[in-house]
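Enquirer: Got a structure for you, written out below as structure tokens; questions coming shortly.
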There are 2 protein chains.
Amino acid sequence: MNIKKIVEKVSPNTQEKKQVKEVKLKIERALCKIVKKYTLIDRYVFAGSFAKNTWIAGHNEFDVFLVFSKKANIIQLEKQGLDCGKKLAVALKGKQHLVYASHPYSLITLPNRFSLDLVPCYAVNNSEKIISAVDRSPLHVDFVKKAIHKNPQIVVEIRLLKQFLKRFDLYGADDVVQGFSGYLAELLIIYYKTFEKTIKNFAKWRGKEHICFGSNKQKKQIAQKKYFGSAPFVVIDPTDENRNVAANVSKEVFDKFVLYSNLYLTAPKNQKEAYFFKKIPYLKNLKTIIKQRKTSWVFLKIDLSKESLQINIVPKIRRLLKGIERTLNSFEFTCLNSWFFVEKKQAVLAFEFPSTTLSFFERKIGPQLYNHQHLLVFLNQHKDAMRFYTQDSRICADVARSHSDALLLITLLLQQKKVGMNASLAEAINTRRFGFVKFSQLTKHCRESLADVLSDKFEDLYLFPD
Amino acid sequence: MNIKKIVEKVSPNTQEKKQVKEVKLKIERALCKIVKKYTLIDRYVFAGSFAKNTWIAGHNEFDVFLVFSKKANIIQLEKQGLDCGKKLAVALKGKQHLVYASHPYSLITLPNRFSLDLVPCYAVNNSEKIISAVDRSPLHVDFVKKAIHKNPQIVVEIRLLKQFLKRFDLYGADDVVQGFSGYLAELLIIYYKTFEKTIKNFAKWRGKEHICFGSNKQKKQIAQKKYFGSAPFVVIDPTDENRNVAANVSKEVFDKFVLYSNLYLTAPKNQKEAYFFKKIPYLKNLKTIIKQRKTSWVFLKIDLSKESLQINIVPKIRRLLKGIERTLNSFEFTCLNSWFFVEKKQAVLAFEFPSTTLSFFERKIGPQLYNHQHLLVFLNQHKDAMRFYTQDSRICADVARSHSDALLLITLLLQQKKVGMNASLAEAINTRRFGFVKFSQLTKHCRESLADVLSDKFEDLYLFPD
């Protein structure tokens with residue numbers, strides 16, 4: 001592997017660094033003027049990877065925290081925070097969007113390729129009780145900056161890890177990805193020193209383990225007690241021993257990280273680059289590839305145009321997807337892949353089966369024919385069988401299936417609300433705002449996301465020769 | 001159950017008895033004249049169920065043995081046997097057909113509903129060494145007749161058992177059925193006394209067991225030694241302790257008998273009649289029923305017009321069928337039913353699958369992700385996988401299947417002769433005298449036979465309400 005080449009690709013070049021600096025300066029100048037007029041705002045802090053110099057080339061999101069004095073109540077904080085956003089957008093000739101996390105904040109798209117998250121928070125010190133979930137972000141910036149100051153080489157290692165995570169959709173702590181936050185990636189490199197060592201460690205992960213910074217033994221023990229037994233992957237926040245930085249990493253994402261770490265280590269040198277960058281987005285071929293798989297896909301579209309549905313929709317849809325998948329599997333529709341995609345006003349759920357229809361009956365294989373007692377129990381159990389027969393001296397019964405059509409079963413599950421769904425989702429479904437669509441009816445974004453799922457390993461391997 | 005009604009149906013009525021008597025007389029008169037002219041023929045013997053008065057109503061086959069003196073060599077026996085058949089057919093205005101078993105014999109179809117097997121054999125006494133396989137038939141007639149003389153009521157019981165066997169295609173010792181011969185059915189009733197007791201005994205069959213007539217302890221022990229360990233079902237021939245009358249009963253037929261015995265005993269009284277008589281031949285609905293099963297059938301036709309192929313074809317086709325089925329199952333085409341039918345100049349093999357096509361790839365589920373050593377072995381084993389992914393913390397791989405189309409696989413197997421087939425069959429297949437046909441291209445007889453398979457239990461249960 002030419003690691004130099006990869007380092008080059010993940011590191012922003014001089015021009016990009018210059019541009020980021022310029023944009024940052026513009027934002028600071030505008031913010032400075034705006035913030036002055038708010039007595040409750042103590043200061044603003046640049047957070048995120050731009051602030052820590054750990055961003056990977058092409059990254060475009062600024063994170064800025066408006067640090068409020070503790071005198072401000074939460075309503076003031078929210079209102080004034082959004083006010084600032086509005087003014088900042090005007091000043092920068094950008095556009096303000098409202099985003100809801102633990103409290104509402106502004107996402108401002110700038111006229112160039114950049115965007116800006118402007119998040120209000122309270123000022124807190126290390127180990128002080130936090131008020132809002134984002135209050136500790138400025139502390140994180142400080143911790144990482146200090147570590148980099150001590151050992152500047154880790155910046156490159158952080159970029160490599162972030163790019164690796166990004167390539168496999170494991171990067172991002174939001175609801176959709178449920179993956180590694182930038183801060184978590186930084187902490188891992190601070191702990192293990194290099195990308196390679198981090199990967200090696202995770203490849204051999206043996207279940208429960210934890211990472212703890214500093215040398216305070218008592219604190220370590222408390223943290224161990226607190227977290228062990230509940231999570232397999234614990235990283236104690238060095239700025240708050242009550243917090244597991246990896247708490248939001250889903251089991252699936254963590255498992256993927258373990259898998260890809262192994263694949264990376266065992267891959268031939270000339271293939272390692274593929275673990276950082278996808279070769280070609282093969283969207284054009286997606287339809288062909290889906291056909292070649294010789295499987296049946298079901299695409300379920302759910303209308304989310306009702307506003308109440310849009311809040312916190314991702315976990316709801318994920319729960320619905322998993323619920324449907326579980327039920328389908330229990331009825332012998334082997335679900336080879338399940339996947340969902342949420343767009344502004346709709347969600348698409350997809351399931352891949354060997355076939356969407358099953359035989360009218362299923363074969364139940366019973367005990368040995370010559371085991372009279374067990375044979376009688378089986379015959380009695382399957383009184384309504386369509387047919388009894390023998391196979392290799394075992395009793396068999398063809399028993400009518402309750403469900404032999406996946407689409408009908410999904411429709412039934414949705415109508416009867418038999419799969420985990422909350423009230424608003426159930427209502428949307430009650431009013432029949434769902435339906436099955438064809439592949440060709442999916443939006444481009446939706447198809448791109450599906451292409452990603454199907455290329456979990458290497459997309460070029462999907463373009464099999466014949 | 002109105003057993004009287006069933007007894008009535010299986011017992012020939014006065015008119016039938018009279019007719020059988022008349023036909024028998026006609027045959028005897030004609031034979032008497034013909035046999036006189038052959039000095040090597042000692043006598044003729046009426047065998048089969050007409051001779052023993054154990055036939056079931058509607059039975060139509062006379063069995064007559066031409067008993068040759070031991071002076072005759074085998075060529076004389078065969079030639080003169082067929083000569084007699086020719087003359088008898090002329091005398092009775094019937095038609096002679098040649099049948100090949102251990103040696104050739106005549107099947108004569110008479111102008112009424114009856115037919116006649118005229119089989120040459122040698123005269124032997126009890127426990128004397130037999131020369132040809134059919135020589136002991138006259139001895140069997142004597143044994144059964146004596147038993148009936150002692151206990152005339154068993155005639156009805158024999159008829160019930162024969163009808164039960166017939167209803168489930170378990171009656172007949174030929175290659176196609178591989179079932180219970182008439183003689184075996186008679187021996188079972190002589191041994192167990194009644195139909196009900198026979199059925200009860202078989203329902204509780206526990207694997208190996210044997211039936212031995214008479215009280216000669218030494219002979220019994222010798223017979224036990226000789227047969228135990230090789231066959232689960234042994235009935236020592238009372239006229240020849242070296243012979244297992246049940247030797248030709250296939251494991252499948254025997255298993256079916258055990259199953260149907262159980263079903264019969266547990267069935268409600270008003271349904272027992274269905275265990276003797278099929279209700280309606282539902283041929284008309286067969287296509288609908290096949291459709292309703294929501295499965296895929298493959299019908300393979302093999303041309304047998306080449307004469308050399310017609311000798312002993314049934315076991316060859318059976319072997320071919322089982323070979324193909326085994327291979328298909330090993331490639332994950334779950335074979336729900338397999339079946340064959342041999343007509344004069346063609347054989348049809350049929351296979352029922354959930355689907356004749358499978359996904360392009362198959363999912364291989366590997367070890368736990370956190371078991372590093374096993375994980376590496378799995379990754380190495382499936383180096384060429386299309387995709388690796390995780391599921392419930394296990395490693396999975398999508399591996400391209402070698403075969404995803406059942407028809408292509410069957411064609412390949414036949415062309416490469418990879419499934420058990422002898423030289424003549426291989427030759428027929430080499431010259432591409434096989435092909436796939438549609439259901440509608442099957443002959444009526446062929447479809448009737450298929451209908452039988454699908455109605456193994458009760459055909460009316462297949463006509464499900466919706």
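Identifiers in the structure tokens: chain A, B, ... in order shown; residue index from 1 per chain; ligand index from 1 in order shown.
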Hey, what's within 10 Å of stretch 440-446 of chain A if we count only C-alpha atoms and toss same-chain stuff fewer than 2 positions away? As a PyMOL selection string, please?

Expert: chain A and resi 283+287+299+301+340-343+347-348+436-438+448-451

Enquirer: In stretch 159-283 of chain A, what's strand (DSSP E) per DSSP? Answer as a PyMOL selection string?

Expert: chain A and resi 209-211+233-237+240-244

Enquirer: Mind writing the picked residues with C-alpha atoms as an mmCIF file, in the first residue's frame?

Expert:
```
data_model
loop_
_atom_site.group_PDB
_atom_site.id
_atom_site.type_symbol
_atom_site.label_atom_id
_atom_site.label_comp_id
_atom_site.auth_asym_id
_atom_site.auth_seq_id
_atom_site.Cartn_x
_atom_site.Cartn_y
_atom_site.Cartn_z
ATOM 1 C CA GLU A 209 -13.469 -3.854 26.763
ATOM 2 C CA HIS A 210 -13.123 -0.213 27.712
ATOM 3 C CA ILE A 211 -10.909 2.762 27.116
ATOM 4 C CA PHE A 233 -17.587 -0.798 23.729
ATOM 5 C CA VAL A 234 -16.978 1.868 26.344
ATOM 6 C CA VAL A 235 -14.859 5.011 25.911
ATOM 7 C CA ILE A 236 -14.976 7.141 29.056
ATOM 8 C CA ASP A 237 -15.115 10.809 28.110
ATOM 9 C CA ASP A 240 -16.765 13.804 31.931
ATOM 10 C CA GLU A 241 -16.295 10.412 33.595
ATOM 11 C CA ASN A 242 -20.054 9.906 33.673
ATOM 12 C CA ARG A 243 -20.269 9.644 29.922
ATOM 13 C CA ASN A 244 -19.519 6.846 27.459
#
```

Enquirer: Residues near B:Val67, anyone? I mean within 10 Å using only C-alpha atoms, not counting same-chain ones fewer than 3 positions away, as a list of chain:residue names.

Expert: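 Result of the neighbour search: B:Leu40, B:Ile41, B:Asp42, B:Arg43, B:Tyr44, B:Val45, B:Val64, B:Lys70, B:Leu77, B:Gly81, B:Val119, B:Pro120, B:Cys121, B:Tyr122, B:Ala123, B:Val124, B:Asp135, B:Pro138.
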
Enquirer: Could you take the residues named above and write them with N, CA and C atoms, as a PDB file, in the first residue's frame?

Expert:
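Produced file part-v1.pdb, reproduced below:
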```pdb
ATOM      1  N   LEU B  40     -43.246 -82.931 -21.856  1.00  0.00           N
ATOM      2  CA  LEU B  40     -42.415 -82.384 -20.778  1.00  0.00           C
ATOM      3  C   LEU B  40     -43.232 -81.615 -19.732  1.00  0.00           C
ATOM      4  N   ILE B  41     -44.490 -81.318 -20.066  1.00  0.00           N
ATOM      5  CA  ILE B  41     -45.330 -80.585 -19.094  1.00  0.00           C
ATOM      6  C   ILE B  41     -46.104 -81.601 -18.254  1.00  0.00           C
ATOM      7  N   ASP B  42     -45.829 -81.619 -16.926  1.00  0.00           N
ATOM      8  CA  ASP B  42     -46.502 -82.541 -16.022  1.00  0.00           C
ATOM      9  C   ASP B  42     -47.959 -82.166 -15.799  1.00  0.00           C
ATOM     10  N   ARG B  43     -48.192 -80.850 -15.558  1.00  0.00           N
ATOM     11  CA  ARG B  43     -49.537 -80.390 -15.200  1.00  0.00           C
ATOM     12  C   ARG B  43     -49.586 -78.864 -15.261  1.00  0.00           C
ATOM     13  N   TYR B  44     -50.767 -78.330 -15.115  1.00  0.00           N
ATOM     14  CA  TYR B  44     -50.881 -76.872 -14.940  1.00  0.00           C
ATOM     15  C   TYR B  44     -51.514 -76.624 -13.582  1.00  0.00           C
ATOM     16  N   VAL B  45     -51.174 -75.483 -13.004  1.00  0.00           N
ATOM     17  CA  VAL B  45     -51.695 -75.143 -11.674  1.00  0.00           C
ATOM     18  C   VAL B  45     -52.248 -73.729 -11.694  1.00  0.00           C
ATOM     19  N   VAL B  64     -51.608 -68.704 -14.044  1.00  0.00           N
ATOM     20  CA  VAL B  64     -51.553 -70.146 -14.287  1.00  0.00           C
ATOM     21  C   VAL B  64     -50.105 -70.556 -14.495  1.00  0.00           C
ATOM     22  N   LYS B  70     -38.639 -82.199 -14.556  1.00  0.00           N
ATOM     23  CA  LYS B  70     -37.243 -81.788 -14.406  1.00  0.00           C
ATOM     24  C   LYS B  70     -36.370 -82.224 -15.581  1.00  0.00           C
ATOM     25  N   LEU B  77     -38.191 -75.333 -21.719  1.00  0.00           N
ATOM     26  CA  LEU B  77     -39.225 -74.753 -20.835  1.00  0.00           C
ATOM     27  C   LEU B  77     -39.708 -73.405 -21.378  1.00  0.00           C
ATOM     28  N   GLY B  81     -43.281 -73.119 -23.222  1.00  0.00           N
ATOM     29  CA  GLY B  81     -44.159 -72.252 -22.428  1.00  0.00           C
ATOM     30  C   GLY B  81     -44.812 -71.185 -23.292  1.00  0.00           C
ATOM     31  N   VAL B 119     -47.325 -68.889 -16.896  1.00  0.00           N
ATOM     32  CA  VAL B 119     -45.909 -68.879 -16.537  1.00  0.00           C
ATOM     33  C   VAL B 119     -45.370 -70.317 -16.444  1.00  0.00           C
ATOM     34  N   PRO B 120     -44.347 -70.660 -17.228  1.00  0.00           N
ATOM     35  CA  PRO B 120     -43.757 -71.997 -17.096  1.00  0.00           C
ATOM     36  C   PRO B 120     -42.863 -72.091 -15.863  1.00  0.00           C
ATOM     37  N   CYS B 121     -42.875 -73.289 -15.201  1.00  0.00           N
ATOM     38  CA  CYS B 121     -42.008 -73.471 -14.036  1.00  0.00           C
ATOM     39  C   CYS B 121     -41.682 -74.963 -13.873  1.00  0.00           C
ATOM     40  N   TYR B 122     -40.764 -75.256 -12.936  1.00  0.00           N
ATOM     41  CA  TYR B 122     -40.414 -76.655 -12.662  1.00  0.00           C
ATOM     42  C   TYR B 122     -41.200 -77.168 -11.463  1.00  0.00           C
ATOM     43  N   ALA B 123     -41.420 -78.484 -11.429  1.00  0.00           N
ATOM     44  CA  ALA B 123     -42.098 -79.097 -10.279  1.00  0.00           C
ATOM     45  C   ALA B 123     -41.106 -79.242  -9.136  1.00  0.00           C
ATOM     46  N   VAL B 124     -41.405 -78.712  -7.994  1.00  0.00           N
ATOM     47  CA  VAL B 124     -40.558 -78.893  -6.803  1.00  0.00           C
ATOM     48  C   VAL B 124     -41.442 -79.222  -5.612  1.00  0.00           C
ATOM     49  N   ASP B 135     -40.973 -71.343  -9.358  1.00  0.00           N
ATOM     50  CA  ASP B 135     -41.339 -72.736  -9.088  1.00  0.00           C
ATOM     51  C   ASP B 135     -42.096 -72.924  -7.792  1.00  0.00           C
ATOM     52  N   PRO B 138     -46.766 -72.700  -6.878  1.00  0.00           N
ATOM     53  CA  PRO B 138     -47.779 -73.720  -6.572  1.00  0.00           C
ATOM     54  C   PRO B 138     -47.760 -74.143  -5.104  1.00  0.00           C
TER      55      PRO B 138
END
```

Enquirer: Please extract the residues of stretch 253-372 of chain A with a backbone DSSP assignment of helix (DSSP H, G or I) and present them as a PyMOL selection string.

Expert: chain A and resi 253-266+269-275+283-292+307-310+313-330+372

Enquirer: Between A:Ala203, A:Leu161, A:Ile3, A:Leu265, which one has atoms that come closest to A:Glu186, using only C-alpha atoms?

Expert: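 Answer, going by the shortest atom-to-atom distance: A:Leu161.
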
Enquirer: What are the nearest atom pairs, with distances in Å to one decimal, for all residues of chain A that come at most 7 Å from chain B, using only C-alpha atoms, set out by chain and rising residue number as JSON lines?

Expert:
```
{"residue": "A:Lys204", "atom": "CA", "partner": "B:His372", "partner_atom": "CA", "distance": 5.6}
{"residue": "A:Trp205", "atom": "CA", "partner": "B:Tyr370", "partner_atom": "CA", "distance": 5.7}
{"residue": "A:Arg206", "atom": "CA", "partner": "B:Tyr370", "partner_atom": "CA", "distance": 4.8}
{"residue": "A:Gly207", "atom": "CA", "partner": "B:Tyr370", "partner_atom": "CA", "distance": 6.1}
{"residue": "A:Asp255", "atom": "CA", "partner": "B:Ser393", "partner_atom": "CA", "distance": 6.0}
{"residue": "A:Lys256", "atom": "CA", "partner": "B:Thr390", "partner_atom": "CA", "distance": 6.3}
{"residue": "A:Gln292", "atom": "CA", "partner": "B:Phe360", "partner_atom": "CA", "distance": 6.7}
{"residue": "A:Arg293", "atom": "CA", "partner": "B:Phe360", "partner_atom": "CA", "distance": 4.8}
{"residue": "A:Lys294", "atom": "CA", "partner": "B:Ser359", "partner_atom": "CA", "distance": 4.5}
{"residue": "A:Thr295", "atom": "CA", "partner": "B:Ser359", "partner_atom": "CA", "distance": 5.1}
{"residue": "A:Pro354", "atom": "CA", "partner": "B:Ser359", "partner_atom": "CA", "distance": 5.7}
{"residue": "A:Leu358", "atom": "CA", "partner": "B:Pro354", "partner_atom": "CA", "distance": 6.6}
{"residue": "A:Ser359", "atom": "CA", "partner": "B:Lys294", "partner_atom": "CA", "distance": 4.6}
{"residue": "A:Phe360", "atom": "CA", "partner": "B:Arg293", "partner_atom": "CA", "distance": 4.8}
{"residue": "A:Phe361", "atom": "CA", "partner": "B:Arg293", "partner_atom": "CA", "distance": 6.8}
{"residue": "A:Tyr370", "atom": "CA", "partner": "B:Arg206", "partner_atom": "CA", "distance": 4.8}
{"residue": "A:Asn371", "atom": "CA", "partner": "B:Arg206", "partner_atom": "CA", "distance": 6.7}
{"residue": "A:His372", "atom": "CA", "partner": "B:Lys204", "partner_atom": "CA", "distance": 5.6}
{"residue": "A:Met386", "atom": "CA", "partner": "B:Leu461", "partner_atom": "CA", "distance": 6.1}
{"residue": "A:Arg387", "atom": "CA", "partner": "B:Lys457", "partner_atom": "CA", "distance": 5.1}
{"residue": "A:Phe388", "atom": "CA", "partner": "B:Lys457", "partner_atom": "CA", "distance": 6.2}
{"residue": "A:Thr390", "atom": "CA", "partner": "B:Lys256", "partner_atom": "CA", "distance": 6.4}
{"residue": "A:Ser393", "atom": "CA", "partner": "B:Asp255", "partner_atom": "CA", "distance": 6.0}
{"residue": "A:Asp456", "atom": "CA", "partner": "B:Arg387", "partner_atom": "CA", "distance": 6.7}
{"residue": "A:Lys457", "atom": "CA", "partner": "B:Arg387", "partner_atom": "CA", "distance": 5.2}
{"residue": "A:Leu461", "atom": "CA", "partner": "B:Met386", "partner_atom": "CA", "distance": 6.1}
{"residue": "A:Tyr462", "atom": "CA", "partner": "B:Met386", "partner_atom": "CA", "distance": 6.6}
```

Enquirer: Need the shell around B:Lys79: protein/DNA/RNA residues with any atom at most 12 Å away, counting only C-alpha atoms. Skip same-chain ones fewer than 4 positions apart. Format as a PDB file with N, CA and C atoms, in the first residue's frame?

Expert:
```pdb
ATOM      1  N   TYR B  38     -47.774 -81.885 -24.927  1.00  0.00           N
ATOM      2  CA  TYR B  38     -46.387 -81.615 -24.502  1.00  0.00           C
ATOM      3  C   TYR B  38     -45.990 -82.633 -23.438  1.00  0.00           C
ATOM      4  N   LEU B  40     -43.246 -82.931 -21.856  1.00  0.00           N
ATOM      5  CA  LEU B  40     -42.415 -82.384 -20.778  1.00  0.00           C
ATOM      6  C   LEU B  40     -43.232 -81.615 -19.732  1.00  0.00           C
ATOM      7  N   PHE B  68     -43.354 -77.946 -15.512  1.00  0.00           N
ATOM      8  CA  PHE B  68     -42.550 -78.812 -16.384  1.00  0.00           C
ATOM      9  C   PHE B  68     -41.843 -79.895 -15.566  1.00  0.00           C
ATOM     10  N   ALA B  72     -36.945 -81.462 -18.601  1.00  0.00           N
ATOM     11  CA  ALA B  72     -36.889 -80.348 -19.558  1.00  0.00           C
ATOM     12  C   ALA B  72     -35.724 -79.409 -19.218  1.00  0.00           C
ATOM     13  N   ASN B  73     -34.961 -79.005 -20.252  1.00  0.00           N
ATOM     14  CA  ASN B  73     -33.950 -77.981 -19.966  1.00  0.00           C
ATOM     15  C   ASN B  73     -34.602 -76.595 -20.084  1.00  0.00           C
ATOM     16  N   ILE B  74     -33.873 -75.585 -19.677  1.00  0.00           N
ATOM     17  CA  ILE B  74     -34.484 -74.254 -19.563  1.00  0.00           C
ATOM     18  C   ILE B  74     -34.938 -73.708 -20.915  1.00  0.00           C
ATOM     19  N   ILE B  75     -34.212 -74.054 -21.976  1.00  0.00           N
ATOM     20  CA  ILE B  75     -34.602 -73.570 -23.309  1.00  0.00           C
ATOM     21  C   ILE B  75     -35.933 -74.193 -23.751  1.00  0.00           C
ATOM     22  N   ASP B  83     -45.071 -71.286 -26.586  1.00  0.00           N
ATOM     23  CA  ASP B  83     -45.911 -71.990 -27.564  1.00  0.00           C
ATOM     24  C   ASP B  83     -47.323 -72.204 -27.018  1.00  0.00           C
ATOM     25  N   CYS B  84     -47.374 -72.712 -25.801  1.00  0.00           N
ATOM     26  CA  CYS B  84     -48.671 -72.943 -25.148  1.00  0.00           C
ATOM     27  C   CYS B  84     -49.467 -71.654 -25.070  1.00  0.00           C
ATOM     28  N   GLY B  85     -48.779 -70.589 -24.710  1.00  0.00           N
ATOM     29  CA  GLY B  85     -49.437 -69.285 -24.604  1.00  0.00           C
ATOM     30  C   GLY B  85     -50.059 -68.872 -25.918  1.00  0.00           C
ATOM     31  N   LYS B  86     -49.316 -69.070 -26.980  1.00  0.00           N
ATOM     32  CA  LYS B  86     -49.797 -68.708 -28.311  1.00  0.00           C
ATOM     33  C   LYS B  86     -51.072 -69.477 -28.636  1.00  0.00           C
ATOM     34  N   LEU B  98     -45.775 -60.802 -24.816  1.00  0.00           N
ATOM     35  CA  LEU B  98     -44.605 -61.382 -24.162  1.00  0.00           C
ATOM     36  C   LEU B  98     -44.177 -60.516 -22.982  1.00  0.00           C
ATOM     37  N   HIS B 103     -37.701 -65.255 -16.432  1.00  0.00           N
ATOM     38  CA  HIS B 103     -37.677 -65.760 -17.806  1.00  0.00           C
ATOM     39  C   HIS B 103     -38.943 -65.311 -18.514  1.00  0.00           C
ATOM     40  N   PRO B 104     -38.970 -65.384 -19.855  1.00  0.00           N
ATOM     41  CA  PRO B 104     -40.131 -64.844 -20.573  1.00  0.00           C
ATOM     42  C   PRO B 104     -41.385 -65.690 -20.337  1.00  0.00           C
ATOM     43  N   TYR B 105     -42.532 -65.049 -20.281  1.00  0.00           N
ATOM     44  CA  TYR B 105     -43.808 -65.766 -20.169  1.00  0.00           C
ATOM     45  C   TYR B 105     -44.881 -64.996 -20.937  1.00  0.00           C
ATOM     46  N   SER B 106     -46.091 -65.595 -21.007  1.00  0.00           N
ATOM     47  CA  SER B 106     -47.162 -64.977 -21.798  1.00  0.00           C
ATOM     48  C   SER B 106     -48.174 -64.262 -20.919  1.00  0.00           C
ATOM     49  N   VAL B 119     -47.325 -68.889 -16.896  1.00  0.00           N
ATOM     50  CA  VAL B 119     -45.909 -68.879 -16.537  1.00  0.00           C
ATOM     51  C   VAL B 119     -45.370 -70.317 -16.444  1.00  0.00           C
ATOM     52  N   PRO B 120     -44.347 -70.660 -17.228  1.00  0.00           N
ATOM     53  CA  PRO B 120     -43.757 -71.997 -17.096  1.00  0.00           C
ATOM     54  C   PRO B 120     -42.863 -72.091 -15.863  1.00  0.00           C
TER      55      PRO B 120
END
```

Enquirer: Write out as a PDB file with N, CA, C and O atoms, in the first residue's frame each polymer residue whose atoms come within 7 Å of A:Val298, counting only C-alpha atoms; drop sequence neighbours fewer than 3 positions from it.

Expert:
```pdb
ATOM      1  N   ALA A 350     -36.926  -1.152   2.182  1.00  0.00           N
ATOM      2  CA  ALA A 350     -36.707  -2.170   1.159  1.00  0.00           C
ATOM      3  C   ALA A 350     -36.310  -3.483   1.805  1.00  0.00           C
ATOM      4  O   ALA A 350     -35.644  -3.509   2.835  1.00  0.00           O
ATOM      5  N   PHE A 351     -36.784  -4.566   1.207  1.00  0.00           N
ATOM      6  CA  PHE A 351     -36.464  -5.903   1.683  1.00  0.00           C
ATOM      7  C   PHE A 351     -36.084  -6.764   0.477  1.00  0.00           C
ATOM      8  O   PHE A 351     -36.718  -6.678  -0.564  1.00  0.00           O
ATOM      9  N   GLU A 352     -35.061  -7.569   0.648  1.00  0.00           N
ATOM     10  CA  GLU A 352     -34.641  -8.456  -0.439  1.00  0.00           C
ATOM     11  C   GLU A 352     -34.888  -9.906  -0.018  1.00  0.00           C
ATOM     12  O   GLU A 352     -34.475 -10.331   1.059  1.00  0.00           O
TER      13      GLU A 352
END
```

Enquirer: Write out as number ranges by chain each polymer residue whose atoms come within 12 Å of stretch 146-151 of chain B, counting only C-alpha atoms; drop sequence neighbours fewer than 2 positions from it.

Expert: B: 51-54, 139-144, 153-158, 186-191, 193-194, 213, 238

Enquirer: My list of candidates is B:Lys197, B:His59, B:Lys26, B:Lys322. Which is closest to B:Pro12 when distances are computed with only C-alpha atoms?

Expert: B:His59

Enquirer: Taking 2 positions as the minimum chain separation for residues in the same chain, which residues sit within 8 Å of A:Gly179 when counting only C-alpha atoms? Answer as a ChimeraX atom specification.

Expert: /A:169-174,177,181,248-250,253-254

Enquirer: Any chance you could export the current selection's N, CA and C atoms as a PDB file, in the first residue's frame?

Expert:
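Result file is part-v8.pdb:
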```
ATOM      1  N   ASP A 169     -19.541   4.197   5.787  1.00  0.00           N
ATOM      2  CA  ASP A 169     -20.741   4.772   6.410  1.00  0.00           C
ATOM      3  C   ASP A 169     -20.824   4.491   7.907  1.00  0.00           C
ATOM      4  N   LEU A 170     -19.676   4.545   8.571  1.00  0.00           N
ATOM      5  CA  LEU A 170     -19.663   4.338  10.022  1.00  0.00           C
ATOM      6  C   LEU A 170     -19.383   5.659  10.743  1.00  0.00           C
ATOM      7  N   TYR A 171     -19.241   6.738   9.968  1.00  0.00           N
ATOM      8  CA  TYR A 171     -18.827   8.028  10.525  1.00  0.00           C
ATOM      9  C   TYR A 171     -20.036   8.926  10.680  1.00  0.00           C
ATOM     10  N   GLY A 172     -20.277   9.372  11.893  1.00  0.00           N
ATOM     11  CA  GLY A 172     -21.407  10.258  12.145  1.00  0.00           C
ATOM     12  C   GLY A 172     -22.260   9.702  13.270  1.00  0.00           C
ATOM     13  N   ALA A 173     -22.528  10.555  14.271  1.00  0.00           N
ATOM     14  CA  ALA A 173     -23.251  10.084  15.452  1.00  0.00           C
ATOM     15  C   ALA A 173     -24.745  10.304  15.329  1.00  0.00           C
ATOM     16  N   ASP A 174     -25.202  10.731  14.140  1.00  0.00           N
ATOM     17  CA  ASP A 174     -26.626  11.030  14.014  1.00  0.00           C
ATOM     18  C   ASP A 174     -27.473   9.750  13.995  1.00  0.00           C
ATOM     19  N   VAL A 177     -26.922   7.197  10.830  1.00  0.00           N
ATOM     20  CA  VAL A 177     -25.702   6.390  10.803  1.00  0.00           C
ATOM     21  C   VAL A 177     -25.517   5.607  12.098  1.00  0.00           C
ATOM     22  N   SER A 181     -18.605   9.316  16.248  1.00  0.00           N
ATOM     23  CA  SER A 181     -18.531  10.770  16.105  1.00  0.00           C
ATOM     24  C   SER A 181     -17.084  11.134  15.798  1.00  0.00           C
ATOM     25  N   ASN A 248     -23.570   5.879  21.680  1.00  0.00           N
ATOM     26  CA  ASN A 248     -24.515   5.920  20.565  1.00  0.00           C
ATOM     27  C   ASN A 248     -24.112   5.070  19.365  1.00  0.00           C
ATOM     28  N   VAL A 249     -22.926   4.433  19.469  1.00  0.00           N
ATOM     29  CA  VAL A 249     -22.510   3.565  18.363  1.00  0.00           C
ATOM     30  C   VAL A 249     -23.373   2.307  18.419  1.00  0.00           C
ATOM     31  N   SER A 250     -24.111   2.052  17.340  1.00  0.00           N
ATOM     32  CA  SER A 250     -24.990   0.876  17.363  1.00  0.00           C
ATOM     33  C   SER A 250     -24.151  -0.393  17.255  1.00  0.00           C
ATOM     34  N   VAL A 253     -23.011  -1.058  13.724  1.00  0.00           N
ATOM     35  CA  VAL A 253     -21.877  -0.251  13.271  1.00  0.00           C
ATOM     36  C   VAL A 253     -20.593  -0.778  13.897  1.00  0.00           C
ATOM     37  N   PHE A 254     -20.656  -1.091  15.175  1.00  0.00           N
ATOM     38  CA  PHE A 254     -19.475  -1.583  15.849  1.00  0.00           C
ATOM     39  C   PHE A 254     -19.007  -2.904  15.215  1.00  0.00           C
TER      40      PHE A 254
END
```
